[in-house]
$ cat coords-v3.csv   # CSV, C-alpha atoms
chain,number,residue,atom,x,y,z
U,15,MET,CA,98.9,127.1,113.7
U,16,LYS,CA,95.5,128.4,112.8
U,17,LYS,CA,96.3,132.0,112.6
U,18,ARG,CA,95.3,134.3,109.8
U,19,ILE,CA,92.2,132.5,108.8
U,20,SER,CA,88.4,133.0,108.8
U,21,PHE,CA,87.4,136.6,108.4
U,22,PHE,CA,88.6,137.9,105.1
U,23,VAL,CA,89.7,134.6,103.6
U,24,PRO,CA,86.6,133.7,101.7
U,25,LEU,CA,86.5,137.1,100.1
U,26,LEU,CA,90.1,137.0,99.0
U,27,VAL,CA,89.8,133.5,97.9
U,28,GLY,CA,87.1,134.5,95.5
U,29,LEU,CA,89.3,137.1,94.0
U,30,LEU,CA,92.5,135.0,93.7
U,31,GLY,CA,91.2,132.5,91.2
U,32,CYS,CA,93.1,129.8,89.6
U,33,GLY,CA,92.8,131.1,86.1
U,34,ASP,CA,95.5,131.7,83.6
U,35,SER,CA,95.6,135.4,84.4
U,36,GLN,CA,99.0,135.0,85.9
U,37,PRO,CA,101.4,133.6,83.3
U,38,GLY,CA,103.9,133.0,86.0
U,39,PRO,CA,107.1,134.9,85.3
U,40,ASP,CA,109.0,132.0,86.6
U,41,GLN,CA,107.3,128.7,86.2
U,42,MET,CA,110.2,126.8,87.6
U,43,GLN,CA,109.9,128.8,90.7
U,44,ALA,CA,106.2,128.1,90.9
U,45,LEU,CA,106.9,124.4,90.6
U,46,ALA,CA,109.6,124.5,93.2
U,47,SER,CA,107.6,126.4,95.8
U,48,GLY,CA,104.4,124.5,95.1
U,49,TYR,CA,105.8,121.0,95.4
U,50,GLY,CA,106.3,121.1,99.2
U,51,LEU,CA,102.8,122.4,99.7
U,52,TYR,CA,101.3,119.8,97.3
U,53,GLU,CA,103.3,117.0,99.1
U,54,THR,CA,102.1,118.1,102.5
U,55,HIS,CA,98.4,118.9,101.8
U,56,CYS,CA,97.3,117.0,98.7
U,57,LEU,CA,99.6,114.2,97.7
U,58,ASN,CA,98.2,111.6,100.0
U,59,CYS,CA,94.9,111.8,98.3
U,60,HIS,CA,95.5,113.0,94.8
U,61,GLY,CA,98.7,111.0,94.3
U,62,GLN,CA,102.3,111.6,93.2
U,63,GLU,CA,101.4,112.3,89.6
U,64,GLY,CA,98.0,113.8,90.3
U,65,GLU,CA,96.4,110.6,89.3
U,66,GLY,CA,93.8,110.4,92.0
U,67,LEU,CA,92.6,107.0,93.4
U,68,ALA,CA,90.3,104.7,91.5
U,69,ASN,CA,86.8,106.0,91.4
U,70,LEU,CA,87.1,107.5,94.8
U,71,ILE,CA,89.4,110.5,94.4
U,72,PRO,CA,89.5,112.4,91.1
U,73,PRO,CA,92.7,113.1,89.2
U,74,LEU,CA,94.1,116.6,89.0
U,75,LYS,CA,96.1,115.6,86.0
U,76,ASN,CA,94.3,116.8,82.8
U,77,SER,CA,91.2,117.4,84.8
U,78,ASP,CA,88.4,118.9,82.8
U,79,TRP,CA,86.7,120.0,85.9
U,80,ILE,CA,89.7,122.3,86.7
U,81,LEU,CA,89.7,123.6,83.1
U,82,GLN,CA,86.0,124.4,83.4
U,83,HIS,CA,86.0,125.8,86.9
U,84,PRO,CA,89.4,127.5,87.3
U,85,ASP,CA,88.0,130.0,89.8
U,86,SER,CA,86.4,127.4,92.0
U,87,VAL,CA,89.7,125.6,92.7
U,88,PRO,CA,90.9,127.8,95.6
U,89,TYR,CA,87.4,127.8,97.0
U,90,ILE,CA,87.2,124.0,97.2
U,91,ILE,CA,90.7,123.7,98.6
U,92,ARG,CA,89.7,126.1,101.4
U,93,HIS,CA,86.2,124.9,102.0
U,94,GLY,CA,86.3,121.3,100.9
U,95,LYS,CA,83.7,119.7,98.8
U,96,GLN,CA,80.9,117.3,99.6
U,97,GLY,CA,78.9,115.3,97.3
U,98,PRO,CA,79.3,113.9,93.9
U,99,MET,CA,81.2,115.6,91.0
U,100,LEU,CA,82.0,114.6,87.5
U,101,VAL,CA,85.7,114.7,86.4
U,102,ASN,CA,86.7,113.5,83.0
U,103,GLY,CA,83.4,111.7,82.7
U,104,LYS,CA,83.7,109.7,85.9
U,105,ARG,CA,81.6,110.3,89.0
U,106,TYR,CA,83.3,110.8,92.3
U,107,SER,CA,81.4,111.0,95.6
U,108,LEU,CA,83.9,110.9,98.5
U,109,ALA,CA,84.2,114.2,100.3
U,110,MET,CA,87.3,116.4,100.1
U,111,PRO,CA,88.1,118.0,103.5
U,112,ALA,CA,88.4,121.8,103.9
U,113,ASN,CA,91.9,123.1,104.4
U,114,LYS,CA,91.9,126.0,106.8
U,115,ILE,CA,95.7,125.9,107.4
U,116,LEU,CA,97.0,127.2,104.1
U,117,THR,CA,97.6,130.9,104.0
U,118,ASN,CA,96.3,132.8,101.0
U,119,GLU,CA,99.8,133.1,99.6
U,120,GLU,CA,100.2,129.3,99.8
U,121,LEU,CA,96.8,128.8,98.3
U,122,GLN,CA,97.9,130.9,95.3
U,123,MET,CA,101.2,129.0,95.0
U,124,LEU,CA,99.3,125.7,95.0
U,125,CYS,CA,96.9,126.8,92.3
U,126,ASN,CA,99.8,127.9,90.1
U,127,TYR,CA,101.5,124.6,90.8
U,128,ILE,CA,98.5,122.5,89.9
U,129,ARG,CA,98.0,124.5,86.7
U,130,ILE,CA,101.6,124.2,85.5
U,131,ARG,CA,102.3,120.7,86.8
U,132,PHE,CA,99.1,118.9,85.8
U,133,GLY,CA,98.4,120.6,82.5
U,134,ASN,CA,95.3,122.6,83.5
U,135,ALA,CA,96.5,125.9,82.1
U,136,GLY,CA,94.0,125.9,79.3
U,137,LYS,CA,94.7,126.6,75.7
Q,86,MET,CA,105.7,100.8,114.8
Q,87,LYS,CA,105.4,98.9,117.9
Q,88,ILE,CA,107.4,95.9,117.1
Q,89,SER,CA,110.3,96.8,119.3
Q,90,LYS,CA,107.9,96.4,122.3
Q,91,LEU,CA,107.1,92.9,121.5
Q,92,ALA,CA,108.5,90.1,123.6
Q,93,GLY,CA,110.5,88.7,120.8
Q,94,ILE,CA,110.9,88.5,117.1
Q,95,ALA,CA,111.5,85.0,116.0
Q,96,LEU,CA,113.5,84.4,112.9
Q,97,LEU,CA,113.2,80.9,111.8
Q,98,LEU,CA,116.3,79.7,110.1
Q,99,SER,CA,115.3,77.0,107.8
Q,100,ALA,CA,117.4,74.3,106.2
Q,101,CYS,CA,116.0,74.8,102.8
Q,102,SER,CA,117.1,77.5,100.5
Q,103,GLU,CA,113.8,79.4,100.3
Q,104,PRO,CA,113.7,82.3,102.7
Q,105,VAL,CA,111.3,82.1,105.5
Q,106,LEU,CA,109.4,85.0,107.0
Q,107,PRO,CA,109.7,85.5,110.7
Q,108,ILE,CA,106.9,84.9,113.1
Q,109,LEU,CA,106.1,88.1,114.9
Q,110,GLY,CA,104.7,88.5,118.4
Q,111,PRO,CA,105.0,86.9,121.8
Q,112,ARG,CA,105.4,83.2,122.1
Q,113,GLU,CA,105.5,80.7,124.9
Q,114,VAL,CA,107.7,77.8,125.5
Q,115,GLU,CA,106.1,74.7,126.7
Q,116,VAL,CA,108.0,71.8,128.1
Q,117,LYS,CA,106.3,68.5,127.7
Q,118,GLN,CA,107.2,65.0,128.7
Q,119,VAL,CA,107.1,62.7,125.8
Q,120,ASN,CA,108.1,59.1,126.4
Q,121,GLY,CA,109.9,60.2,129.5
Q,122,LYS,CA,111.9,62.8,127.7
Q,123,GLU,CA,111.6,66.5,127.9
Q,124,VAL,CA,110.4,68.1,124.7
Q,125,VAL,CA,110.4,71.9,124.2
Q,126,ASP,CA,107.4,73.2,122.2
Q,127,THR,CA,107.1,76.8,121.0
Q,128,ILE,CA,103.6,78.1,120.9
Q,129,TYR,CA,103.1,81.2,118.8
Q,130,LYS,CA,100.4,83.8,119.5
Q,131,THR,CA,97.7,83.8,116.9
Q,132,ILE,CA,95.0,86.3,115.9
Q,133,PRO,CA,92.2,86.1,118.5
Q,134,ASP,CA,88.7,85.1,117.3
Q,135,PHE,CA,86.8,88.0,115.7
Q,136,SER,CA,83.5,88.8,114.1
Q,137,PHE,CA,82.7,91.8,111.8
Q,138,TYR,CA,80.2,92.8,109.2
Q,139,ASN,CA,81.6,93.4,105.8
Q,140,GLN,CA,80.5,95.8,103.1
Q,141,ASP,CA,77.8,93.4,101.9
Q,142,GLY,CA,76.3,93.0,105.4
Q,143,ASP,CA,77.7,89.5,105.7
Q,144,ILE,CA,79.3,88.3,108.9
Q,145,ILE,CA,83.0,87.6,108.6
Q,146,THR,CA,84.8,85.6,111.3
Q,147,LYS,CA,88.2,84.1,111.9
Q,148,LYS,CA,86.8,80.9,110.4
Q,149,ASP,CA,86.6,82.7,107.0
Q,150,VAL,CA,90.4,83.4,107.0
Q,151,MET,CA,91.8,80.3,108.6
Q,152,GLY,CA,93.8,78.3,106.1
Q,153,LYS,CA,94.3,81.5,104.0
Q,154,ILE,CA,96.8,84.2,103.9
Q,155,TYR,CA,95.5,87.7,104.5
Q,156,VAL,CA,96.6,91.3,104.7
Q,157,ALA,CA,94.9,93.4,107.4
Q,158,ASP,CA,94.9,97.1,107.8
Q,159,PHE,CA,93.0,99.8,109.8
Q,160,PHE,CA,91.6,102.9,108.2
Q,161,PHE,CA,88.6,105.2,108.0
Q,162,VAL,CA,86.8,106.6,105.0
Q,163,THR,CA,87.1,110.3,105.9
Q,164,CYS,CA,90.8,110.0,106.7
Q,165,PRO,CA,92.6,113.0,105.3
Q,166,THR,CA,96.1,111.7,105.7
Q,167,ILE,CA,97.7,108.3,105.1
Q,168,CYS,CA,94.7,106.1,104.2
Q,169,PRO,CA,94.3,107.0,100.6
Q,170,ARG,CA,98.0,106.2,100.2
Q,171,MET,CA,97.6,102.9,101.9
Q,172,LYS,CA,94.6,102.1,99.7
Q,173,ARG,CA,96.5,103.0,96.6
Q,174,ASN,CA,99.2,100.5,97.7
Q,175,LEU,CA,96.6,97.9,98.8
Q,176,LEU,CA,95.1,98.1,95.3
Q,177,LYS,CA,98.4,96.9,94.0
Q,178,VAL,CA,98.2,93.9,96.3
Q,179,TYR,CA,94.6,93.3,95.2
Q,180,GLU,CA,95.6,93.6,91.5
Q,181,ALA,CA,98.3,91.0,92.1
Q,182,TYR,CA,96.2,88.5,94.2
Q,183,GLY,CA,92.6,89.4,93.8
Q,184,ASN,CA,92.0,86.2,91.8
Q,185,GLU,CA,94.0,84.0,94.2
Q,186,PRO,CA,91.4,82.3,96.4
Q,187,ASN,CA,93.9,81.7,99.2
Q,188,VAL,CA,94.7,85.4,99.6
Q,189,MET,CA,92.4,88.0,101.2
Q,190,LEU,CA,92.5,91.6,102.2
Q,191,LEU,CA,90.7,92.8,105.4
Q,192,SER,CA,90.4,96.5,105.8
Q,193,HIS,CA,88.9,97.4,109.2
Q,194,THR,CA,87.3,100.8,109.8
Q,195,ILE,CA,88.2,102.4,113.1
Q,196,ASP,CA,85.4,105.0,112.7
Q,197,PRO,CA,82.2,102.9,112.5
Q,198,ASP,CA,80.0,105.8,113.6
Q,199,HIS,CA,80.6,107.4,110.2
Q,200,ASP,CA,81.5,104.3,108.2
Q,201,SER,CA,78.2,102.5,108.1
Q,202,ILE,CA,77.9,99.3,106.0
Q,203,SER,CA,76.5,101.3,103.1
Q,204,VAL,CA,79.3,103.9,103.3
Q,205,LEU,CA,81.8,101.0,103.2
Q,206,LYS,CA,80.0,99.5,100.3
Q,207,GLU,CA,80.3,102.7,98.3
Q,208,TYR,CA,83.9,103.1,99.3
Q,209,ALA,CA,84.7,99.5,98.2
Q,210,GLU,CA,82.9,100.0,94.9
Q,211,GLY,CA,84.8,103.2,94.3
Q,212,LEU,CA,88.0,101.2,94.7
Q,213,GLY,CA,86.7,98.5,92.5
Q,214,ALA,CA,87.1,96.0,95.4
Q,215,LYS,CA,84.8,93.0,95.9
Q,216,ALA,CA,84.3,90.5,98.6
Q,217,PRO,CA,85.4,87.8,99.3
Q,218,ALA,CA,88.8,88.9,98.0
Q,219,TRP,CA,88.6,92.2,99.8
Q,220,HIS,CA,86.4,92.7,102.9
Q,221,PHE,CA,85.7,96.1,104.5
Q,222,LEU,CA,84.9,95.3,108.0
Q,223,ARG,CA,82.9,97.1,110.7
Q,224,ALA,CA,82.3,96.5,114.4
Q,225,GLU,CA,82.1,98.6,117.5
Q,226,ARG,CA,85.0,101.0,117.7
Q,227,GLU,CA,86.5,99.8,121.0
Q,228,TYR,CA,86.2,96.2,119.7
Q,229,THR,CA,88.2,97.1,116.6
Q,230,TRP,CA,90.7,99.1,118.4
Q,231,LYS,CA,91.4,96.3,120.9
Q,232,LEU,CA,91.8,93.8,118.1
Q,233,ALA,CA,94.2,96.1,116.3
Q,234,GLU,CA,96.3,96.5,119.4
Q,235,GLU,CA,96.2,93.0,120.8
Q,236,GLY,CA,95.9,91.0,117.7
Q,237,TYR,CA,97.8,92.9,115.1
Q,238,TYR,CA,100.2,95.0,117.2
Q,239,ALA,CA,98.7,98.1,115.4
Q,240,THR,CA,97.6,101.4,116.9
Q,241,ALA,CA,94.0,102.6,116.5
Q,242,MET,CA,92.2,105.1,118.7
Q,243,ALA,CA,90.4,108.4,118.8
Q,244,ASP,CA,92.6,111.5,119.0
Q,245,SER,CA,91.1,114.9,118.6
Q,246,LEU,CA,94.5,116.4,117.8
Q,247,GLU,CA,95.0,114.3,114.7
Q,248,PRO,CA,93.6,115.4,111.4
Q,249,GLY,CA,90.4,113.4,111.0
Q,250,GLY,CA,90.1,112.7,114.7
Q,251,PHE,CA,91.8,109.3,114.9
Q,252,VAL,CA,95.4,108.0,115.1
Q,253,HIS,CA,96.3,104.7,113.6
Q,254,SER,CA,99.3,103.0,112.2
Q,255,GLY,CA,99.7,102.6,108.5
Q,256,GLY,CA,100.8,99.1,108.6
Q,257,LEU,CA,99.8,96.3,106.3
Q,258,ILE,CA,99.8,93.2,108.4
Q,259,LEU,CA,100.6,89.9,106.8
Q,260,VAL,CA,99.0,86.9,108.5
Q,261,ASP,CA,99.6,83.3,107.6
Q,262,GLN,CA,97.4,80.2,107.3
Q,263,LEU,CA,97.6,79.5,111.0
Q,264,GLY,CA,96.7,83.1,112.0
Q,265,ARG,CA,100.2,84.2,113.0
Q,266,VAL,CA,101.5,87.6,112.1
Q,267,ARG,CA,104.4,87.2,109.7
Q,268,GLY,CA,105.2,90.7,108.7
Q,269,VAL,CA,104.2,94.4,109.1
Q,270,TYR,CA,104.8,96.6,106.0
Q,271,ASP,CA,104.5,100.3,105.8
Q,272,GLY,CA,101.4,100.8,103.7
Q,273,THR,CA,102.4,104.3,102.7
Q,274,SER,CA,105.6,103.1,101.1
Q,275,GLU,CA,105.6,101.8,97.6
Q,276,SER,CA,108.8,99.7,98.1
Q,277,GLU,CA,107.5,98.0,101.3
Q,278,THR,CA,104.3,97.2,99.4
Q,279,LYS,CA,106.3,95.6,96.7
Q,280,GLN,CA,108.1,93.6,99.3
Q,281,LEU,CA,104.8,92.5,100.7
Q,282,ILE,CA,103.7,91.4,97.2
Q,283,ASN,CA,106.9,89.4,96.9
Q,284,ASP,CA,106.6,87.9,100.3
Q,285,ILE,CA,103.1,86.5,99.9
Q,286,PRO,CA,104.2,83.5,97.7
Q,287,LEU,CA,106.6,82.5,100.5
Q,288,LEU,CA,103.6,81.9,102.7
Q,289,LEU,CA,101.5,80.4,100.0
Q,290,HIS,CA,104.2,77.7,99.5
Q,291,GLU,CA,104.4,76.9,103.2
Q,292,LYS,CA,102.8,73.7,104.4
Q,293,LYS,CA,99.8,74.2,106.6
Q,294,ASP,CA,101.2,72.2,109.4

$ encode --input "coords-v3.csv" --output "structure tokens"
Amino acid sequence: MKKRISFFVPLLVGLLGCGDSQPGPDQMQALASGYGLYETHCLNCHGQEGEGLANLIPPLKNSDWILQHPDSVPYIIRHGKQGPMLVNGKRYSLAMPANKILTNEELQMLCNYIRIRFGNAGK
Amino acid sequence: MKISKLAGIALLLSACSEPVLPILGPREVEVKQVNGKEVVDTIYKTIPDFSFYNQDGDIITKKDVMGKIYVADFFFVTCPTICPRMKRNLLKVYEAYGNEPNVMLLSHTIDPDHDSISVLKEYAEGLGAKAPAWHFLRAEREYTWKLAEEGYYATAMADSLEPGGFVHSGGLILVDQLGRVRGVYDGTSESETKQLINDIPLLLHEKKD
């Protein structure tokens, strides 16, 4: 199922962003369509409530990293992330694997979902 | 889950009121002559001898777990699928029994090429887990896979089609003081983990006969 990837993805991903530029005309809709994606691709690691796992996997819930790097979110979902990062003052160092399966549309849906569900919309 | 394949699942019906956990796995029946009478003895299969390094570089063998109750699982650090979920649930077991000297957790890596002792150490520290209550064990991969399959009735092997490159079962395997498998719980399920936490005292109260 690895269609539609590679060439133009990195470019588009850069443009999509996870910022609050899209107020989401229908937030319920975003939550509904994002949940299945979250469950399939992220829940195992980041947890049912976005709580993360001890000092291994950072939380998505109220993450200051997401607030501070909204545009990097789709990038790290697509390309993964190696090496340590600070989230809410704690240091995490496990690697997050790249996700090459999600389409750009799905990526956008996930970003909206995380923003609405886990309170990263910014003030 | 491979349980259906096993020769038999024995459910011991006890006379006392406390429920008793079944003894899983194959067993043999031995007929002996005692004082001229035939006596039937059931011999249950136990975990084979083993030897691993843990996250501190110490050698852990079957001797270290005999007389104790432990929960075994198979995982790898870079696992993108069920492992974090299993570890989240195992943490609950650790929180419940981490200070109980007769209960241990043994997490075996099935990817020792990546999961060196120092990687396991970092992972254990990230979880807040410490030996001797929780060991993260490493040996050669075929050795670990064989033990998983033959000792614990679990699956662990390389599979390039799986995310992360390995397939393994998500079971939390409960072993009693005599080294017999007494339960396999789905480590990705919160309710089965709760069941496991509730079942451990049943074994703690058993006599070590």

$ interface_residues --input "coords-v3.csv" --of "chain Q" --to "chain U" --cutoff "10 Å" --atoms "only C-alpha atoms" --output "JSON, numbers by chain"
{"Q": [162, 163, 164, 165, 166, 167, 168, 169, 170, 171, 172, 173, 176, 204, 207, 208, 209, 210, 211, 212, 213, 248, 249, 273]}

$ atom_distance --input "coords-v3.csv" --atom1 "atom CA of Q:Val150" --atom2 "atom CA of Q:Glu234"
19.0 Å

$ closest_residue --input "coords-v3.csv" --among "Q:Lys148, Q:Arg226, Q:Lys215, Q:His193" --to "Q:Asp134" --atoms "all atoms listed in the file"
Q:Lys148

$ residues_near_point --input "coords-v3.csv" --point "(93.8, 126.8, 95.3)" --cutoff "7 Å" --atoms "only C-alpha atoms" --output "PyMOL selection string"
chain U and resi 32+87-89+91+121-122+124-125

$ residues_near_point --input "coords-v3.csv" --point "(97.7, 93.4, 116.3)" --cutoff "10 Å" --atoms "only C-alpha atoms" --output "ChimeraX atom specification"
/Q:87,110,131-133,157-158,230-241,258,266,269

$ write_last_selection --input "coords-v3.csv" --atoms "C-alpha atoms" --output "JSON list (two decimals), in the coordinates of the input"
[["chain", "number", "residue", "atom", "x", "y", "z"],
["Q", 87, "LYS", "CA", 105.40, 98.90, 117.90],
["Q", 110, "GLY", "CA", 104.70, 88.50, 118.40],
["Q", 131, "THR", "CA", 97.70, 83.80, 116.90],
["Q", 132, "ILE", "CA", 95.00, 86.30, 115.90],
["Q", 133, "PRO", "CA", 92.20, 86.10, 118.50],
["Q", 157, "ALA", "CA", 94.90, 93.40, 107.40],
["Q", 158, "ASP", "CA", 94.90, 97.10, 107.80],
["Q", 230, "TRP", "CA", 90.70, 99.10, 118.40],
["Q", 231, "LYS", "CA", 91.40, 96.30, 120.90],
["Q", 232, "LEU", "CA", 91.80, 93.80, 118.10],
["Q", 233, "ALA", "CA", 94.20, 96.10, 116.30],
["Q", 234, "GLU", "CA", 96.30, 96.50, 119.40],
["Q", 235, "GLU", "CA", 96.20, 93.00, 120.80],
["Q", 236, "GLY", "CA", 95.90, 91.00, 117.70],
["Q", 237, "TYR", "CA", 97.80, 92.90, 115.10],
["Q", 238, "TYR", "CA", 100.20, 95.00, 117.20],
["Q", 239, "ALA", "CA", 98.70, 98.10, 115.40],
["Q", 240, "THR", "CA", 97.60, 101.40, 116.90],
["Q", 241, "ALA", "CA", 94.00, 102.60, 116.50],
["Q", 258, "ILE", "CA", 99.80, 93.20, 108.40],
["Q", 266, "VAL", "CA", 101.50, 87.60, 112.10],
["Q", 269, "VAL", "CA", 104.20, 94.40, 109.10]]

$ atom_distance --input "coords-v3.csv" --atom1 "atom CA of Q:Leu175" --atom2 "atom CA of Q:Val156"
8.9 Å

$ residues_around --input "coords-v3.csv" --residues "U:Val101" --least-positions-apart "5" --cutoff "7 Å" --atoms "only C-alpha atoms" --output "compact mmCIF listing (two decimals) with C-alpha atoms, keeping the file's coordinate frame"
# COMPACT_ATOMS: atom_id res chain seq x y z
CA PRO U 72 89.50 112.40 91.10
CA SER U 77 91.20 117.40 84.80
CA ASP U 78 88.40 118.90 82.80
CA TRP U 79 86.70 120.00 85.90

$ atom_distance --input "coords-v3.csv" --atom1 "atom CA of Q:Leu191" --atom2 "atom CA of Q:Ala218"
8.6 Å

$ residues_around --input "coords-v3.csv" --residues "stretch 126-134 of chain U" --least-positions-apart "3" --cutoff "6 Å" --atoms "all atoms listed in the file" --output "JSON, numbers by chain"
{"U": [44, 45, 48, 75, 76, 81, 123]}

$ write_last_selection --input "coords-v3.csv" --atoms "C-alpha atoms" --output "JSON list (two decimals), in the frame of the given file"
[["chain", "number", "residue", "atom", "x", "y", "z"],
["U", 44, "ALA", "CA", 106.20, 128.10, 90.90],
["U", 45, "LEU", "CA", 106.90, 124.40, 90.60],
["U", 48, "GLY", "CA", 104.40, 124.50, 95.10],
["U", 75, "LYS", "CA", 96.10, 115.60, 86.00],
["U", 76, "ASN", "CA", 94.30, 116.80, 82.80],
["U", 81, "LEU", "CA", 89.70, 123.60, 83.10],
["U", 123, "MET", "CA", 101.20, 129.00, 95.00]]

$ closest_residue --input "coords-v3.csv" --among "Q:Thr127, Q:Asn283, Q:Asn174, Q:Thr146" --to "Q:Gly255" --atoms "all atoms listed in the file"
Q:Asn174

$ residues_around --input "coords-v3.csv" --residues "Q:Gln262" --least-positions-apart "4" --cutoff "8 Å" --atoms "all atoms listed in the file" --output "list in words"
Val150, Met151, Gly152, Lys153, Ile154, Leu288 and Lys293 of chain Q

$ build_atoms --input "coords-v3.csv" --residues "stretch 96-103 of chain U" --atoms "all heavy atoms" --output "tab-separated table (two decimals), keeping the file's coordinate frame"
chain	number	residue	atom	x	y	z
U	96	GLN	N	81.71	118.46	99.32
U	96	GLN	CA	80.90	117.30	99.60
U	96	GLN	C	80.11	116.91	98.43
U	96	GLN	O	79.71	117.77	97.67
U	96	GLN	CB	79.90	117.63	100.74
U	96	GLN	CG	80.51	118.08	102.05
U	96	GLN	CD	80.69	116.93	103.01
U	96	GLN	OE1	80.24	115.81	102.72
U	96	GLN	NE2	81.35	117.17	104.11
U	97	GLY	N	79.84	115.66	98.33
U	97	GLY	CA	78.90	115.30	97.30
U	97	GLY	C	79.49	115.07	95.96
U	97	GLY	O	80.64	115.42	95.75
U	98	PRO	N	78.73	114.44	95.11
U	98	PRO	CA	79.30	113.90	93.90
U	98	PRO	C	79.75	115.01	92.89
U	98	PRO	O	79.21	116.12	92.89
U	98	PRO	CB	78.15	113.12	93.26
U	98	PRO	CG	76.91	113.61	93.91
U	98	PRO	CD	77.29	114.20	95.22
U	99	MET	N	80.76	114.71	92.13
U	99	MET	CA	81.20	115.60	91.00
U	99	MET	C	81.68	114.71	89.87
U	99	MET	O	82.11	113.58	90.06
U	99	MET	CB	82.23	116.58	91.48
U	99	MET	CG	83.56	116.01	91.88
U	99	MET	SD	84.59	117.23	92.76
U	99	MET	CE	84.83	118.46	91.50
U	100	LEU	N	81.59	115.27	88.68
U	100	LEU	CA	82.00	114.60	87.50
U	100	LEU	C	83.38	115.11	87.06
U	100	LEU	O	83.54	116.31	86.88
U	100	LEU	CB	81.05	114.82	86.33
U	100	LEU	CG	79.88	113.87	86.11
U	100	LEU	CD1	79.10	114.33	84.90
U	100	LEU	CD2	80.35	112.43	85.93
U	101	VAL	N	84.36	114.24	86.94
U	101	VAL	CA	85.70	114.70	86.40
U	101	VAL	C	86.04	113.70	85.29
U	101	VAL	O	86.07	112.48	85.48
U	101	VAL	CB	86.75	114.63	87.52
U	101	VAL	CG1	88.09	115.09	86.97
U	101	VAL	CG2	86.34	115.50	88.70
U	102	ASN	N	86.32	114.26	84.15
U	102	ASN	CA	86.70	113.50	83.00
U	102	ASN	C	85.66	112.34	82.73
U	102	ASN	O	86.04	111.22	82.43
U	102	ASN	CB	88.08	112.93	83.05
U	102	ASN	CG	89.12	114.04	83.13
U	102	ASN	OD1	88.82	115.19	82.83
U	102	ASN	ND2	90.32	113.71	83.55
U	103	GLY	N	84.40	112.65	82.95
U	103	GLY	CA	83.40	111.70	82.70
U	103	GLY	C	83.10	110.64	83.73
U	103	GLY	O	82.20	109.83	83.61
